[in-house]
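Here is coords37.cif, consisting of mmCIF, C-alpha atoms:
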```cif
data_entry
#
loop_
_atom_site.label_atom_id
_atom_site.label_comp_id
_atom_site.auth_asym_id
_atom_site.auth_seq_id
_atom_site.Cartn_x
_atom_site.Cartn_y
_atom_site.Cartn_z
CA MET A 57 176.27 162.85 155.00
CA ILE A 58 177.75 165.61 157.14
CA SER A 59 180.94 165.45 159.17
CA CYS A 60 181.06 165.27 162.94
CA GLU A 61 182.34 168.86 163.10
CA GLU A 62 179.34 170.08 161.16
CA ALA A 63 177.06 167.97 163.31
CA ALA A 64 178.54 169.52 166.45
CA ILE A 65 177.97 173.04 165.16
CA ILE A 66 174.36 172.27 164.24
CA CYS A 67 173.90 170.64 167.63
CA ASN A 68 175.12 173.81 169.32
CA LYS A 69 172.85 175.96 167.17
CA GLU A 70 169.99 173.71 168.13
CA GLN A 71 170.65 174.49 171.82
CA TYR A 72 169.76 178.09 171.03
CA LYS A 73 166.91 177.13 168.70
CA GLU A 74 168.78 178.54 165.75
CA ALA A 75 169.19 175.47 163.56
CA THR A 76 167.20 175.52 160.34
CA PHE A 77 164.87 172.72 159.38
CA THR A 78 167.31 171.21 156.87
CA GLU A 79 170.12 171.38 159.40
CA LYS A 80 168.01 169.61 162.00
CA PHE A 81 167.18 166.92 159.51
CA LYS A 82 170.85 166.40 158.61
CA LEU A 83 171.71 166.27 162.30
CA ILE A 84 169.12 163.62 163.10
CA ILE A 85 170.38 161.42 160.28
CA HIS A 86 173.94 161.87 161.48
CA LEU A 87 173.05 161.14 165.10
CA PHE A 88 171.38 157.95 163.98
CA PHE A 89 174.68 156.59 162.67
CA CYS A 90 177.22 158.26 164.94
CA LYS A 91 177.41 157.11 168.56
CA THR A 92 179.98 159.71 169.59
CA CYS A 93 177.87 162.58 168.33
CA SER A 94 174.69 161.32 169.91
CA LYS A 95 176.52 161.14 173.21
CA PHE A 96 177.78 164.69 172.70
CA SER A 97 174.30 165.82 171.74
CA LYS A 98 172.86 164.37 174.91
CA LYS A 99 175.51 166.04 177.07
CA ASN A 100 174.97 169.29 175.25
CA SER A 101 171.24 169.28 175.96
CA GLU A 102 172.01 168.49 179.57
CA LEU A 103 174.23 171.53 179.78
CA THR A 104 171.46 173.67 178.34
CA SER A 105 168.94 172.44 180.86
CA LEU A 106 171.43 172.96 183.70
CA CYS A 107 171.99 176.52 182.58
CA ASP A 108 168.24 177.10 182.41
CA LYS A 109 167.72 175.57 185.81
CA ALA A 110 170.38 177.68 187.45
CA HIS A 111 168.74 181.00 186.42
CA LEU A 112 172.11 182.50 185.67
CA HIS A 113 172.64 186.20 185.87
CA ALA A 114 175.43 188.22 184.42
CA LEU A 115 176.44 191.81 184.61
CA PRO A 116 176.22 193.61 181.28
CA GLU A 117 179.63 194.28 179.73
CA ARG A 118 178.98 198.01 179.96
CA ASP A 119 178.72 197.87 183.74
CA LYS A 120 181.83 195.75 184.00
CA VAL A 121 183.88 198.24 181.99
CA LYS A 122 182.65 201.02 184.25
CA MET A 123 183.45 199.02 187.36
CA LYS A 124 186.92 198.23 186.11
CA LYS A 125 187.59 201.87 185.45
CA GLU A 126 186.48 202.87 188.92
CA ILE A 127 188.57 200.18 190.56
CA ASN A 128 191.65 201.14 188.55
CA GLU A 129 191.24 204.71 189.67
CA LYS A 130 191.40 203.61 193.29
CA ILE A 131 194.34 201.25 193.09
CA MET B 152 196.93 179.18 198.62
CA THR B 153 200.47 179.89 197.62
CA ASP B 154 199.60 183.31 196.29
CA HIS B 155 199.30 185.81 199.13
CA GLN B 156 198.72 188.77 196.87
CA LEU B 157 195.50 190.34 195.73
CA HIS B 158 195.05 191.24 192.10
CA PRO B 159 192.37 193.91 192.06
CA GLU B 160 192.88 194.64 188.36
CA THR B 161 191.57 191.17 187.50
CA TRP B 162 188.65 191.16 189.93
CA VAL B 163 185.96 192.33 187.56
CA ASP B 164 186.81 189.77 184.90
CA ARG B 165 187.17 186.91 187.30
CA TYR B 166 184.63 187.46 190.02
CA ALA B 167 182.06 190.08 188.99
CA ASP B 168 179.55 187.61 187.57
CA TYR B 169 180.11 185.15 190.38
CA LEU B 170 179.51 187.77 193.06
CA PHE B 171 176.63 189.22 191.10
CA ASN B 172 174.87 185.84 191.01
CA TYR B 173 175.40 185.44 194.70
CA ALA B 174 173.99 188.88 195.42
CA VAL B 175 171.07 188.68 193.02
CA THR B 176 169.71 185.51 194.59
CA ARG B 177 169.74 187.26 197.95
CA VAL B 178 168.36 190.70 197.21
CA SER B 179 166.34 189.81 194.09
CA ASP B 180 167.06 193.09 192.40
CA ALA B 181 169.67 193.47 189.71
CA GLU B 182 170.38 197.14 190.37
CA ILE B 183 170.91 196.67 194.09
CA ALA B 184 172.98 193.55 193.47
CA LYS B 185 175.18 195.50 191.10
CA ASP B 186 175.75 198.21 193.69
CA LEU B 187 176.57 195.61 196.31
CA VAL B 188 179.18 194.01 194.05
CA GLN B 189 180.66 197.42 193.39
CA GLU B 190 180.79 198.20 197.10
CA THR B 191 182.37 194.83 197.76
CA PHE B 192 185.19 195.58 195.35
CA PHE B 193 185.77 198.98 196.92
CA ALA B 194 185.71 197.56 200.44
CA GLY B 195 188.12 194.87 199.28
CA LEU B 196 190.49 197.52 197.96
CA LYS B 197 190.25 199.48 201.16
CA SER B 198 191.06 196.58 203.41
CA ALA B 199 193.50 194.91 201.03
CA THR B 200 196.21 195.31 203.63
CA ASN B 201 194.25 193.03 205.95
CA TYR B 202 194.30 190.21 203.44
CA LYS B 203 196.51 187.53 204.89
CA GLY B 204 196.30 185.10 202.04
CA THR B 205 194.75 182.38 204.15
CA ALA B 206 191.66 182.25 201.96
CA ALA B 207 191.37 182.35 198.21
CA GLU B 208 190.65 185.77 196.77
CA ARG B 209 187.15 184.77 195.81
CA THR B 210 186.26 183.39 199.23
CA TRP B 211 187.54 186.57 200.76
CA LEU B 212 185.43 188.72 198.45
CA ILE B 213 182.35 186.59 199.07
CA ALA B 214 182.84 187.11 202.81
CA ILE B 215 182.80 190.87 202.26
CA LEU B 216 179.76 190.62 200.02
CA LYS B 217 177.93 188.65 202.72
CA ARG B 218 178.43 191.53 205.14
CA LYS B 219 177.25 193.97 202.48
CA VAL B 220 174.04 191.98 201.95
CA ILE B 221 173.39 191.93 205.69
CA ASP B 222 174.08 195.66 205.90
CA TYR B 223 171.66 196.24 203.06
CA TYR B 224 168.83 194.45 204.87
CA ARG B 225 169.71 196.26 208.06
CA LYS B 226 169.46 199.58 206.27
CA ILE B 227 166.06 198.98 204.72
CA ASN B 228 164.79 197.69 208.05
CA SER B 229 166.28 200.45 210.14
CA ASN B 230 162.94 201.92 211.22
CA LYS B 231 161.89 200.15 214.36
CA GLY B 232 158.46 199.18 213.12
CA LYS B 233 159.83 197.60 209.99
CA ALA B 234 162.27 195.47 211.92
CA GLU B 235 159.50 193.61 213.69
CA VAL B 236 159.03 190.11 212.48
CA ARG B 237 155.48 189.83 211.32
CA MET B 238 154.18 186.35 211.28
CA GLY B 239 150.56 185.85 210.43
CA TYR B 240 149.01 182.53 211.12
CA SER B 241 147.42 182.35 207.72
CA SER B 242 146.14 184.64 205.04
CA GLN B 243 142.73 184.64 206.66
CA MET B 244 143.60 186.18 209.97
CA ASP B 245 140.76 184.77 212.04
CA ALA B 246 140.65 181.30 210.55
CA ASP B 247 140.45 178.40 212.99
CA GLY B 248 142.97 175.63 212.82
CA ASP B 249 145.72 173.76 214.49
CA TRP B 250 148.32 176.39 214.70
CA LEU B 251 151.43 174.32 215.22
CA GLU B 252 150.57 171.35 213.10
CA GLU B 253 149.94 173.45 210.06
CA GLN B 254 153.16 175.42 210.40
CA VAL B 255 155.34 172.37 210.39
CA ALA B 256 157.42 172.02 207.26
CA ASP B 257 156.30 169.33 204.90
CA PRO B 258 159.00 166.66 205.17
CA LEU B 259 158.16 165.36 201.72
CA SER B 260 158.56 168.71 200.03
CA ILE B 261 161.78 169.02 198.06
CA LEU B 262 161.05 172.47 196.71
CA GLU B 263 163.32 174.24 199.20
CA ASN B 264 166.18 171.93 198.38
CA ASP B 265 165.66 172.69 194.73
CA ASP B 266 166.21 176.37 195.32
CA ILE B 267 169.37 175.79 197.31
CA GLU B 268 170.68 173.33 194.80
CA ASN B 269 169.93 175.62 191.88
CA GLU B 270 171.82 178.43 193.53
CA GLU B 271 174.83 176.23 194.10
CA LEU B 272 174.57 175.02 190.53
CA GLY B 273 174.53 178.61 189.33
CA LEU B 274 177.71 179.38 191.25
CA ALA B 275 179.36 176.20 189.99
CA ILE B 276 178.55 177.11 186.39
CA GLN B 277 179.75 180.66 186.95
CA GLU B 278 183.01 179.37 188.34
CA CYS B 279 183.51 177.17 185.29
CA ILE B 280 182.72 180.06 182.98
CA SER B 281 185.34 182.20 184.68
CA LYS B 282 187.96 179.59 183.88
CA LEU B 283 187.33 179.89 180.13
CA PRO B 284 189.49 182.10 177.95
CA LYS B 285 188.19 185.66 178.01
CA LYS B 286 186.78 185.74 174.50
CA GLN B 287 184.97 182.41 174.90
CA SER B 288 183.45 183.30 178.22
CA LEU B 289 182.28 186.62 176.81
CA VAL B 290 180.61 185.00 173.80
CA PHE B 291 179.06 182.27 175.92
CA THR B 292 177.72 184.74 178.48
CA LEU B 293 176.27 187.04 175.85
CA LYS B 294 174.64 184.17 174.03
CA THR B 295 173.45 181.91 176.82
CA ILE B 296 172.86 184.14 179.80
CA GLN B 297 171.93 187.41 178.18
CA GLY B 298 170.27 185.70 175.23
CA MET B 299 171.63 188.07 172.62
CA ASP B 300 171.08 187.42 168.92
CA THR B 301 173.91 185.83 166.98
CA GLU B 302 173.91 188.75 164.58
CA ASP B 303 174.19 191.36 167.34
CA ILE B 304 177.06 189.56 169.03
CA CYS B 305 178.91 189.27 165.73
CA LYS B 306 178.49 192.96 165.11
CA GLU B 307 179.56 193.94 168.60
CA LEU B 308 182.65 191.74 168.70
CA ASP B 309 183.43 192.06 165.01
CA ILE B 310 183.52 188.34 164.26
CA ASN B 311 181.66 186.22 161.73
CA PRO B 312 178.98 183.70 162.65
CA SER B 313 181.06 180.59 161.98
CA ASN B 314 183.70 182.07 164.26
CA LEU B 315 181.08 182.55 166.90
CA TRP B 316 179.81 179.00 166.67
CA VAL B 317 183.30 177.59 166.95
CA MET B 318 183.86 179.63 170.10
CA ILE B 319 180.50 178.54 171.50
CA HIS B 320 181.45 174.97 170.74
CA ARG B 321 184.78 175.23 172.57
CA ALA B 322 183.15 176.98 175.50
CA ARG B 323 180.40 174.39 175.80
CA THR B 324 182.82 171.46 175.60
CA ALA B 325 185.04 173.01 178.27
CA LEU B 326 182.03 173.70 180.47
CA MET B 327 180.79 170.14 180.13
CA ASP B 328 184.21 168.91 181.24
CA CYS B 329 184.41 171.35 184.10
CA LEU B 330 180.91 170.61 185.37
CA ASN B 331 181.56 166.91 185.11
CA LYS B 332 184.41 167.36 187.54
CA ASN B 333 182.84 169.89 189.86
CA TRP B 334 179.15 169.13 189.83
CA PHE B 335 178.33 165.53 189.11
#
```
Would you give me this structure, written as structure tokens?
Amino acid sequence: MISCEEAAIICNKEQYKEATFTEKFKLIIHLFFCKTCSKFSKKNSELTSLCDKAHLHALPERDKVKMKKEINEKI
Amino acid sequence: MTDHQLHPETWVDRYADYLFNYAVTRVSDAEIAKDLVQETFFAGLKSATNYKGTAAERTWLIAILKRKVIDYYRKINSNKGKAEVRMGYSSQMDADGDWLEEQVADPLSILENDDIENEELGLAIQECISKLPKKQSLVFTLKTIQGMDTEDICKELDINPSNLWVMIHRARTALMDCLNKNWF
């Protein structure tokens, strides 16, 4: 049996499709017994689908650094 | 707002992604959106003396960005011919039909609302992300929005994977809390 901390980490990995098969199996077993974690897992998946739905965009870090430099020059 | 001062040195960290999202949904081109955000910051700096502190910094910057987006469309439509509103009745130009009836919006369609809601959702998420500690928001953005590989992020930020997952975990928990308050 894995701990809730481990379960949470696997659950997060699963949001990015990076959990291995064994990890997924352990997680499912854990979720079956642990109410708190299954609630967390549900919320976590919700967050993922919200993020997908929102079509988020972000500026690459490189551009931000450049922008910062240019702003600092003008202050 | 109690704070009547602008803090330009923190603008990029705090508002760049927020403004970028706003711009990108309006001009649908990342490069142009980036330039608009840049121009917004510069315009903000230039007119910083006009800032009276009645609005939050972000609201003030968004107001400038709005003007920039309008200016952008004005510029690309500056030739007279382009500025004409072209409205075809349908894709087949000489098709018969009830002109007005078919142009009426479908009251049962919720697709338009979806778009509006998704944009607002995007801004709400972005706002929550900007409240995270710097390192967490960076890791979360790289991983979730830019979809970078775990390995690449670790290399770039010089952390180990378990470190990364802990940060992701903290970021996600904080975001869930924040969205619970601001969205649902």
| Counting all atoms listed in the file, which residues from chain A have an atom at most 12 Å from any atom of chain B, and could you show them as a PyMOL selection string? | chain A and resi 61-75+96-131
| request: Kindly give the distance, in Å, that separates CA of Ser229 (chain B) and CA of Leu212 (chain B), rounded to a single decimal. | output: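 Answer for the CA of Ser229 (chain B) to CA of Leu212 (chain B) separation: 25.3 Å.
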| By how many Å are CA of Tyr223 (chain B) and CA of Lys203 (chain B) apart? |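 Here the two named atoms are 26.4 Å from each other.
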Give me the residues within 9 Å of Lys82 (chain A) as a PDB file with C-alpha atoms, in the frame of the given file, counting only C-alpha atoms and dropping any in the same chain fewer than 4 places off.
```pdb
ATOM      1  CA  MET A  57     176.270 162.850 155.000  1.00  0.00           C
ATOM      2  CA  ILE A  58     177.750 165.610 157.140  1.00  0.00           C
ATOM      3  CA  ALA A  63     177.060 167.970 163.310  1.00  0.00           C
ATOM      4  CA  ILE A  66     174.360 172.270 164.240  1.00  0.00           C
ATOM      5  CA  PHE A  77     164.870 172.720 159.380  1.00  0.00           C
ATOM      6  CA  THR A  78     167.310 171.210 156.870  1.00  0.00           C
ATOM      7  CA  HIS A  86     173.940 161.870 161.480  1.00  0.00           C
ATOM      8  CA  LEU A  87     173.050 161.140 165.100  1.00  0.00           C
TER       9      LEU A  87
END
```
| task | Measure the distance from CA of Thr210 (chain B) to CA of Ile280 (chain B) in Å and round it to one decimal. | result | 17.0 Å
| message | Taking the file as I've supplied it (selection: the PyMOL selection byres ((chain B and resi 214) around 12)), which residues are included? Please answer as a count of residues only. | response | 24
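Residues of protein, DNA and RNA with at least one atom no farther than 8 Å from (182.9, 163.2, 163.3) are, using all atoms listed in the file, A:Ser59, A:Cys60, A:Glu61, A:Ala63, A:Cys90, A:Thr92, A:Cys93.
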Filtering to C-alpha atoms, could you give me those residues as a CSV table (one decimal), keeping the file's coordinate frame?
```csv
chain,number,residue,atom,x,y,z
A,59,SER,CA,180.9,165.4,159.2
A,60,CYS,CA,181.1,165.3,162.9
A,61,GLU,CA,182.3,168.9,163.1
A,63,ALA,CA,177.1,168.0,163.3
A,90,CYS,CA,177.2,158.3,164.9
A,92,THR,CA,180.0,159.7,169.6
A,93,CYS,CA,177.9,162.6,168.3
```
Reconstruct region 321-332 of chain B at the level of all heavy atoms, and format the result as an mmCIF file, in the coordinates of the input.
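Written output follows (part-v9.cif):
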```
data_model
loop_
_atom_site.group_PDB
_atom_site.id
_atom_site.type_symbol
_atom_site.label_atom_id
_atom_site.label_comp_id
_atom_site.auth_asym_id
_atom_site.auth_seq_id
_atom_site.Cartn_x
_atom_site.Cartn_y
_atom_site.Cartn_z
ATOM 1 N N ARG B 321 183.657 175.443 171.643
ATOM 2 C CA ARG B 321 184.780 175.230 172.570
ATOM 3 C C ARG B 321 184.349 175.516 174.002
ATOM 4 O O ARG B 321 184.684 174.769 174.924
ATOM 5 C CB ARG B 321 185.949 176.134 172.194
ATOM 6 C CG ARG B 321 186.542 175.697 170.893
ATOM 7 C CD ARG B 321 187.931 176.259 170.675
ATOM 8 N NE ARG B 321 188.385 175.833 169.367
ATOM 9 C CZ ARG B 321 188.949 176.624 168.474
ATOM 10 N NH1 ARG B 321 189.158 177.891 168.765
ATOM 11 N NH2 ARG B 321 189.327 176.166 167.307
ATOM 12 N N ALA B 322 183.592 176.613 174.153
ATOM 13 C CA ALA B 322 183.150 176.980 175.500
ATOM 14 C C ALA B 322 182.270 175.887 176.101
ATOM 15 O O ALA B 322 182.454 175.479 177.245
ATOM 16 C CB ALA B 322 182.394 178.303 175.463
ATOM 17 N N ARG B 323 181.340 175.394 175.289
ATOM 18 C CA ARG B 323 180.400 174.390 175.800
ATOM 19 C C ARG B 323 181.134 173.088 176.149
ATOM 20 O O ARG B 323 180.830 172.466 177.168
ATOM 21 C CB ARG B 323 179.302 174.113 174.780
ATOM 22 C CG ARG B 323 178.355 175.279 174.571
ATOM 23 C CD ARG B 323 177.173 174.886 173.723
ATOM 24 N NE ARG B 323 176.200 174.133 174.475
ATOM 25 C CZ ARG B 323 175.131 174.666 175.040
ATOM 26 N NH1 ARG B 323 174.905 175.950 174.936
ATOM 27 N NH2 ARG B 323 174.277 173.922 175.704
ATOM 28 N N THR B 324 182.082 172.693 175.300
ATOM 29 C CA THR B 324 182.820 171.460 175.600
ATOM 30 C C THR B 324 183.610 171.617 176.895
ATOM 31 O O THR B 324 183.606 170.727 177.748
ATOM 32 C CB THR B 324 183.814 171.142 174.454
ATOM 33 O OG1 THR B 324 183.258 171.597 173.232
ATOM 34 C CG2 THR B 324 184.071 169.669 174.346
ATOM 35 N N ALA B 325 184.264 172.785 177.046
ATOM 36 C CA ALA B 325 185.040 173.010 178.270
ATOM 37 C C ALA B 325 184.130 173.016 179.486
ATOM 38 O O ALA B 325 184.470 172.464 180.536
ATOM 39 C CB ALA B 325 185.795 174.329 178.161
ATOM 40 N N LEU B 326 182.962 173.636 179.348
ATOM 41 C CA LEU B 326 182.030 173.700 180.470
ATOM 42 C C LEU B 326 181.539 172.314 180.864
ATOM 43 O O LEU B 326 181.420 171.983 182.037
ATOM 44 C CB LEU B 326 180.827 174.572 180.122
ATOM 45 C CG LEU B 326 181.040 176.067 180.196
ATOM 46 C CD1 LEU B 326 179.738 176.791 179.886
ATOM 47 C CD2 LEU B 326 181.521 176.465 181.572
ATOM 48 N N MET B 327 181.246 171.495 179.847
ATOM 49 C CA MET B 327 180.790 170.140 180.130
ATOM 50 C C MET B 327 181.847 169.400 180.943
ATOM 51 O O MET B 327 181.536 168.748 181.932
ATOM 52 C CB MET B 327 180.559 169.368 178.827
ATOM 53 C CG MET B 327 179.253 169.705 178.144
ATOM 54 S SD MET B 327 179.140 168.756 176.619
ATOM 55 C CE MET B 327 178.635 170.004 175.485
ATOM 56 N N ASP B 328 183.102 169.545 180.529
ATOM 57 C CA ASP B 328 184.210 168.910 181.240
ATOM 58 C C ASP B 328 184.279 169.391 182.686
ATOM 59 O O ASP B 328 184.366 168.612 183.627
ATOM 60 C CB ASP B 328 185.547 169.272 180.561
ATOM 61 C CG ASP B 328 185.996 168.172 179.636
ATOM 62 O OD1 ASP B 328 185.197 167.244 179.419
ATOM 63 O OD2 ASP B 328 187.131 168.256 179.133
ATOM 64 N N CYS B 329 184.241 170.720 182.797
ATOM 65 C CA CYS B 329 184.410 171.350 184.100
ATOM 66 C C CYS B 329 183.273 170.949 185.037
ATOM 67 O O CYS B 329 183.494 170.626 186.198
ATOM 68 C CB CYS B 329 184.465 172.857 183.913
ATOM 69 S SG CYS B 329 184.576 173.783 185.419
ATOM 70 N N LEU B 330 182.048 170.965 184.527
ATOM 71 C CA LEU B 330 180.910 170.610 185.370
ATOM 72 C C LEU B 330 180.935 169.134 185.731
ATOM 73 O O LEU B 330 180.507 168.736 186.808
ATOM 74 C CB LEU B 330 179.592 170.964 184.676
ATOM 75 C CG LEU B 330 179.243 172.448 184.672
ATOM 76 C CD1 LEU B 330 178.000 172.700 183.854
ATOM 77 C CD2 LEU B 330 179.040 172.962 186.093
ATOM 78 N N ASN B 331 181.429 168.334 184.818
ATOM 79 C CA ASN B 331 181.560 166.910 185.110
ATOM 80 C C ASN B 331 182.422 166.692 186.327
ATOM 81 O O ASN B 331 182.137 165.843 187.167
ATOM 82 C CB ASN B 331 182.207 166.202 183.910
ATOM 83 C CG ASN B 331 181.201 165.358 183.183
ATOM 84 O OD1 ASN B 331 180.186 164.975 183.750
ATOM 85 N ND2 ASN B 331 181.464 165.072 181.928
ATOM 86 N N LYS B 332 183.499 167.500 186.406
ATOM 87 C CA LYS B 332 184.410 167.360 187.540
ATOM 88 C C LYS B 332 183.826 167.968 188.801
ATOM 89 O O LYS B 332 183.937 167.404 189.882
ATOM 90 C CB LYS B 332 185.738 168.059 187.214
ATOM 91 C CG LYS B 332 186.676 167.163 186.425
ATOM 92 C CD LYS B 332 187.991 167.881 186.175
ATOM 93 C CE LYS B 332 188.529 167.557 184.792
ATOM 94 N NZ LYS B 332 188.927 168.747 184.047
#
```
